[in-house]
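Undergrad: Okay, handing you the structure first.
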Protein chains: 2
Amino acid sequence: MAVTLDSLPRLKSALGRVRPVDPDWRHRAEVKLANLTKPPNSLGRLEWLAARLCAIQETLSPRAAPRRIVVFAADHGVTAEGVSAYPSAVTAQMVGTFLRGGAAINALGRAASADVWVVDVGVAGDIDTAGRDAWFRSRRIRPGTRNITEGPAMSHDELAAAIDAGFDMADAAATEGVAVLACGDMGIGNTTAASAITAALARASAAEVTGRGTGIDEQTFLRKIDVVTRALRVNRPGRDPLEVLRAVGGLEIAAIAGAYIGAAERRMAIVGDGFIAGAAALVAAELCPSFLDYWFAGHQSLEPGHAVQLRLLRQEPLLQLEMRLGEGTGAALAMHLLSAAAAVMNDMATFDSAGVSRCREVIEPEAADA
Amino acid sequence: MAVTLDSLPRLKSALGRVRPVDPDWRHRAEVKLANLTKPPNSLGRLEWLAARLCAIQETLSPRAAPRRIVVFAADHGVTAEGVSAYPSAVTAQMVGTFLRGGAAINALGRAASADVWVVDVGVAGDIDTAGRDAWFRSRRIRPGTRNITEGPAMSHDELAAAIDAGFDMADAAATEGVAVLACGDMGIGNTTAASAITAALARASAAEVTGRGTGIDEQTFLRKIDVVTRALRVNRPGRDPLEVLRAVGGLEIAAIAGAYIGAAERRMAIVGDGFIAGAAALVAAELCPSFLDYWFAGHQSLEPGHAVQLRLLRQEPLLQLEMRLGEGTGAALAMHLLSAAAAVMNDMATFDSAGVSRCREVIEPEAADA
């Protein structure tokens with residue numbers, strides 16, 4: 001069954017409800033920023049962030065909390081080709097570690113005052129769910145995608161179920177008042193899927209968008225480029241983002257795309273993560289350009305394909321810290337900048353209220369008007 | 001009286017007590033980082049930060065709190081030359097705003113969970129000290145520096161007093177257990193002084209290191225370059241950092257240099273701010289190369305001279321957000337990254353404790369040893 005928007009009614013109706021943000025709110029925020037006790041634009045990209053946050057929330061007193069990081073986990077049949085430095089079993093093991101609070105995303109989520117949810121949409125192995133340091137939802141669709149060098153990663157209905165799992169998490173977050181949402185990923189082999197998606201949507205070669213993922217040697221790296229090339233040749237997914245996602249994507253990537261569109265529909269600010277979440281952002285932006293009104297490029301990963309994605313999305317990353325972990329860790333770090341931007345809007349005095357003289361350039365035109 | 005280290009006994013003895021950090025602690029931190037549940041080095045510069053923090057504190061469980069931002073305020077006689085978009089009166093007005101909690105550094109200090117101290121080391125105007133949203137210390141040495149196009153900014157004893165004010169604030173912070181210290185600045189005209197210091201110490205022309213500060217027009221910008229050139233021609237301070245500081249510096253810049261060296265002496269982690277604090281960092285690093293073991297480049301300002309400073313210091317900034325405000329705002333934003341780095345060291349599990357399989361490259365050498 002071909003993937004079309006008509007065959008995915010929930011996605012179709014959500015796309016119809018994602019509204020572009022009102023530029024008037026952004027303008028009003030810029031006027032307020034110009035009156036705060038600082039030289040005009042002297043807070044640079046923080047002011048840009050603040051104005052965007054105001055436009056999303058339609059307020060001049062935006063909030064950057066509560067915030068949540070939802071990590072979607074799934075396995076990848078393509079690991080049979082030997083594309084990763086880690087065995088597939090690590091996906092389930094790391095989900096257990098998330099639940100016990102010992103992973104990087106737990107540490108950085110706590111540091112960011114964000115709660116961490118973990119959703120199994122397609123892990124192959126057994127998960128030890130005893131840990132209580134992150135919320136857990138089991139929405140396993142199948143035990144990992146099929147090997148994309150042999151055929152499509154998933155069926156139409158599996159794609160629909162994965163996207164729906166993302167929507168459900170966005171809806172739950174909105175219902176609970178979350179203002180800032182990020183999505184992370186866990187899935188051994190998923191940089192291979194993200195490379196294939198990026199190559200297809202950016203019309204780039206596998207070599208341009210494939211990197212070393214968790215840290216593979218030269219021989220594995222060359223094999224990985226070949227695997228991406230073969231996956232695209234076998235599946236011929238064209239340029240339709242949903243068909244690309246179904247053919248060479250991953251269940252966690254599809255779920256992130258669903259959560260992203262659901263979050264934009266529910267007017268949450270969305271903080272992008274690295275290369276895997278970036279592949280979902282490409283899909284979401286192709287389906288719905290207004291999605292980018294809600295999405296911030298949290299950081300730029302070391303994966304070369306992430307730079308390709310950000311160029312295609314025309315977004316500058318907030319952070320560049322040579323990270324390449326995923327899980328939502330880059331987004332977690334960037335969340336602090338949203339808090340800081342909200343604090344500027346909410347906590348600063350204006351020149352008039354503080355009794356501070358304005359700069360001469362500002363004074364003179366006003367005096368001329370008087 | 002010529003400025004020499006012998007004429008500044010407190011500075012001299014402090015410099016003798018700044019110890020280089022022990023590289024063995026950094027190595028031990030790197031070993032711990034390699035065993036945490038993430039691909040090796042996948043947290044990039046966050047791991048580098050974590051290892052540096054461990055080396056400063058000589059622990060594998062570093063802390064990034066309590067943290068404090070000390071804003072040193074002073075006026076500049078050179079404003080008589082018409083180098084700023086704002087009148088000098090704004091310095092005192094902004095100090096009042098800091099104390100009432102309405103400035104950018106208040107908003108970003110709160111967002112960073114840092115307390116904010118404000119120290120008057122040379123404000124010219126009257127300060128309304130009624131506000132209680134920041135701690136205030138009056139250590140006014142004189143009402144602003146002299147006009148540096150006519151002679152030295154300050155006398156030997158005034159320089160000594162400004163540096164001592166910085167030492168006192170570092171000592172107070174250390175006594176109160178502060179782990180992370182940043183210094184900010186407030187002083188209309190201080191980008192002119194910072195430009196002159198940077199030109200002298202970087203052997204650069206005024207045009208290479210002078211920017212538009214709070215936002216000046218083209219004519220003022222050209223005049224500012226001429227003012228910096230004249231200040232250096234009139235004073236001929238040479239390359240001695242203390243003589244440069246006395247001749248063309250500022251009282252707040254001297255105080256920051258003192259606080260920086262005092263913080264390194266007391267083994268605090270120091271987060272750098274923008275162009276003004278950067279001029280103090282140049283002085284501190286010239287006096288004491290080990291100072292850089294304790295100092296992190298928090299962000300890169302839009303001021304062109306800041307890039308020159310960071311190149312001279314051989315430091316990569318943690319953040320690049322097109323900011324140019326000073327006050328400690330860039331440092332405040334970067335403090336979150338130190339918290340995140342500490343959280344990685346303190347909160348993450350190891351592969352062994354989490355029961356997660358290592359990557360193949362790591363397993364094999366260990367198996368060979370067994």
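Letters A, B, ... go to the chains of the structure tokens in the order shown; residues in each chain start at 1; ligands are counted from 1 in the same order.
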Taking only C-alpha atoms into account and nothing else, which residues of chain B lie no more than 6 Å away from chain A? Please answer as a PyMOL selection string.
TA: chain B and resi 39+42-45+85-86+93+102-103+107-108+111+214+321-325+340+343-344+347-349+356+359-360
Undergrad: Could you go through region 110-172 of chain B and tell me which residues DSSP, when run on the backbone, assigns to alpha helix (DSSP H), listing them as a PyMOL selection string?
TA: chain B and resi 110-111+156-172
Undergrad: Output the selection as a short mmCIF file (atom, residue, chain, number, x, y, z; two decimals), in the first residue's frame - N, CA, C and O atoms for each residue.
TA:
data_model
loop_
_atom_site.label_atom_id
_atom_site.label_comp_id
_atom_site.auth_asym_id
_atom_site.auth_seq_id
_atom_site.Cartn_x
_atom_site.Cartn_y
_atom_site.Cartn_z
N ARG B 110 20.04 34.95 37.37
CA ARG B 110 19.00 34.10 37.97
C ARG B 110 18.83 32.82 37.17
O ARG B 110 18.76 31.73 37.74
N ALA B 111 18.77 32.96 35.84
CA ALA B 111 18.59 31.76 35.00
C ALA B 111 19.75 30.79 35.19
O ALA B 111 19.59 29.59 35.02
N HIS B 156 49.81 54.76 39.83
CA HIS B 156 50.25 53.48 40.37
C HIS B 156 49.37 53.02 41.52
O HIS B 156 48.90 51.88 41.56
N ASP B 157 49.11 53.92 42.46
CA ASP B 157 48.35 53.51 43.65
C ASP B 157 46.89 53.23 43.31
O ASP B 157 46.26 52.38 43.94
N GLU B 158 46.36 53.96 42.35
CA GLU B 158 44.99 53.68 41.92
C GLU B 158 44.90 52.30 41.26
O GLU B 158 43.95 51.54 41.50
N LEU B 159 45.90 51.97 40.46
CA LEU B 159 45.94 50.63 39.86
C LEU B 159 45.99 49.57 40.95
O LEU B 159 45.24 48.58 40.93
N ALA B 160 46.88 49.80 41.92
CA ALA B 160 47.03 48.82 43.01
C ALA B 160 45.71 48.65 43.75
O ALA B 160 45.31 47.52 44.09
N ALA B 161 45.01 49.75 43.99
CA ALA B 161 43.75 49.68 44.74
C ALA B 161 42.68 48.93 43.93
O ALA B 161 41.88 48.17 44.49
N ALA B 162 42.67 49.14 42.62
CA ALA B 162 41.67 48.46 41.78
C ALA B 162 41.94 46.96 41.75
O ALA B 162 41.01 46.14 41.89
N ILE B 163 43.21 46.60 41.58
CA ILE B 163 43.55 45.16 41.58
C ILE B 163 43.18 44.54 42.93
O ILE B 163 42.61 43.45 42.99
N ASP B 164 43.46 45.27 44.00
CA ASP B 164 43.13 44.75 45.34
C ASP B 164 41.63 44.54 45.52
O ASP B 164 41.21 43.58 46.18
N ALA B 165 40.82 45.44 44.97
CA ALA B 165 39.37 45.25 45.07
C ALA B 165 38.97 43.93 44.43
O ALA B 165 38.12 43.20 44.95
N GLY B 166 39.61 43.61 43.30
CA GLY B 166 39.35 42.33 42.66
C GLY B 166 39.78 41.16 43.52
O GLY B 166 39.03 40.18 43.69
N PHE B 167 40.99 41.26 44.10
CA PHE B 167 41.45 40.19 44.99
C PHE B 167 40.48 39.98 46.14
O PHE B 167 40.17 38.85 46.51
N ASP B 168 40.00 41.07 46.70
CA ASP B 168 39.10 40.95 47.85
C ASP B 168 37.83 40.20 47.47
O ASP B 168 37.31 39.39 48.24
N MET B 169 37.32 40.47 46.26
CA MET B 169 36.10 39.79 45.85
C MET B 169 36.36 38.30 45.59
O MET B 169 35.51 37.46 45.87
N ALA B 170 37.54 37.98 45.04
CA ALA B 170 37.88 36.57 44.84
C ALA B 170 38.03 35.87 46.18
O ALA B 170 37.55 34.74 46.36
N ASP B 171 38.67 36.55 47.13
CA ASP B 171 38.85 35.94 48.45
C ASP B 171 37.51 35.70 49.12
O ASP B 171 37.28 34.64 49.72
N ALA B 172 36.62 36.68 49.03
CA ALA B 172 35.30 36.52 49.65
C ALA B 172 34.57 35.34 49.01
O ALA B 172 33.95 34.52 49.71
#
Undergrad: How would you write, as a ChimeraX atom specification, the set of residues in region 155-292 of chain A that DSSP gives as strand (DSSP E or B)?
TA: /A:180-186,269-271
Undergrad: Go through B:Gly274, B:Pro23, B:Gly82, B:Pro62 and flag the residue nearest Lys224 (chain B), using only C-alpha atoms for the distances.
TA: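 Between B:Gly274, B:Pro23, B:Gly82, B:Pro62, the residue approaching Lys224 (chain B) most closely is B:Gly82.
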Undergrad: Taking 3 positions as the minimum chain separation for residues in the same chain, which residues sit within 8 Å of region 117-122 of chain B when counting only C-alpha atoms? Answer as a list in words.
TA: Arg68, Ile69, Val70, Val71, Phe72, Ala73, Ala74, Asp75, Val95, Phe98, Leu99, Ala134, Trp135, Phe136, Arg137, Ser138, Arg139, Arg140, Ile141, Arg142, Pro143, Gly144, Thr145, Ala162, Ala165, Leu251, Glu252 and Ala255 of chain B
Undergrad: Between CA of Arg19 (chain A) and CA of Arg67 (chain A), what is the spacing in Å?
TA: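 If I compute the distance from CA of Arg67 (chain A) to CA of Arg19 (chain A), I get 21.5 Å.
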Undergrad: Please identify all polymer residues within 7 Å of Arg63 (chain A), counting only C-alpha atoms, omitting same-chain residues fewer than 2 positions from it, and present them as a VMD selection string.
TA: chain A and resid 61 65 179 342
Undergrad: Could you write out that same residue set with N, CA, C and O atoms as a PDB file, in the first residue's frame?
TA:
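Dumped to again_14.pdb:
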ATOM      1  N   SER A  61       5.339  37.526  27.581  1.00  0.00           N
ATOM      2  CA  SER A  61       5.919  36.953  28.804  1.00  0.00           C
ATOM      3  C   SER A  61       6.005  35.442  28.630  1.00  0.00           C
ATOM      4  O   SER A  61       5.245  34.682  29.234  1.00  0.00           O
ATOM      5  N   ALA A  65       9.376  26.559  30.547  1.00  0.00           N
ATOM      6  CA  ALA A  65       9.177  25.385  31.395  1.00  0.00           C
ATOM      7  C   ALA A  65       7.666  25.199  31.567  1.00  0.00           C
ATOM      8  O   ALA A  65       6.919  26.174  31.418  1.00  0.00           O
ATOM      9  N   ALA A 179       5.929  23.272  27.866  1.00  0.00           N
ATOM     10  CA  ALA A 179       6.134  24.427  26.988  1.00  0.00           C
ATOM     11  C   ALA A 179       7.235  24.162  25.969  1.00  0.00           C
ATOM     12  O   ALA A 179       7.219  24.712  24.869  1.00  0.00           O
ATOM     13  N   ALA A 342      13.675  33.516  27.764  1.00  0.00           N
ATOM     14  CA  ALA A 342      12.418  33.837  28.460  1.00  0.00           C
ATOM     15  C   ALA A 342      12.693  34.774  29.631  1.00  0.00           C
ATOM     16  O   ALA A 342      11.926  35.713  29.888  1.00  0.00           O
TER      17      ALA A 342
END
Undergrad: Distance CA of Ala263 (chain B)-CA of Ala173 (chain B), one decimal place?
TA: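 One can read the CA of Ala263 (chain B) to CA of Ala173 (chain B) distance as 8.3 Å.
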Undergrad: Neighbouring residues of Gly77 (chain B) were defined as those with any atom within 10 Å, considering only C-alpha atoms; residues of the same chain fewer than 6 positions away were excluded. Please report them as a ChimeraX atom specification.
TA: /B:88,124,143-150,153,188-190,250
Undergrad: So which residues touch Ala264 (chain A) within 12 Å, counting only C-alpha atoms, skipping near sequence neighbours fewer than 4 positions away, as a PyMOL selection string?
TA: chain A and resi 14-21+56-57+167+170-171+173-174+179-182+257-260+268-271+281+284-285+288-296
Undergrad: Could you name the residues that touch region 235-248 of chain B at 9 Å or less, counting only C-alpha atoms, but leaving out those on the same chain fewer than 3 positions away, as a PyMOL selection string?
TA: chain B and resi 2-5+147-156+158-159+192-194+196-197+200-203+228+230-232+251+253-254+280+282-284+286-287
Undergrad: Between CA of Gly278 (chain B) and CA of Gly298 (chain A), what is the distance in Å, rounded to a tenth?
TA: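 Those two atoms sit 26.7 Å apart.
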Undergrad: Find the residue from A:Trp48, A:Pro304, A:Pro9, A:Val116 that sits nearest to Glu316 (chain A); use only C-alpha atoms when measuring.
TA: A:Trp48
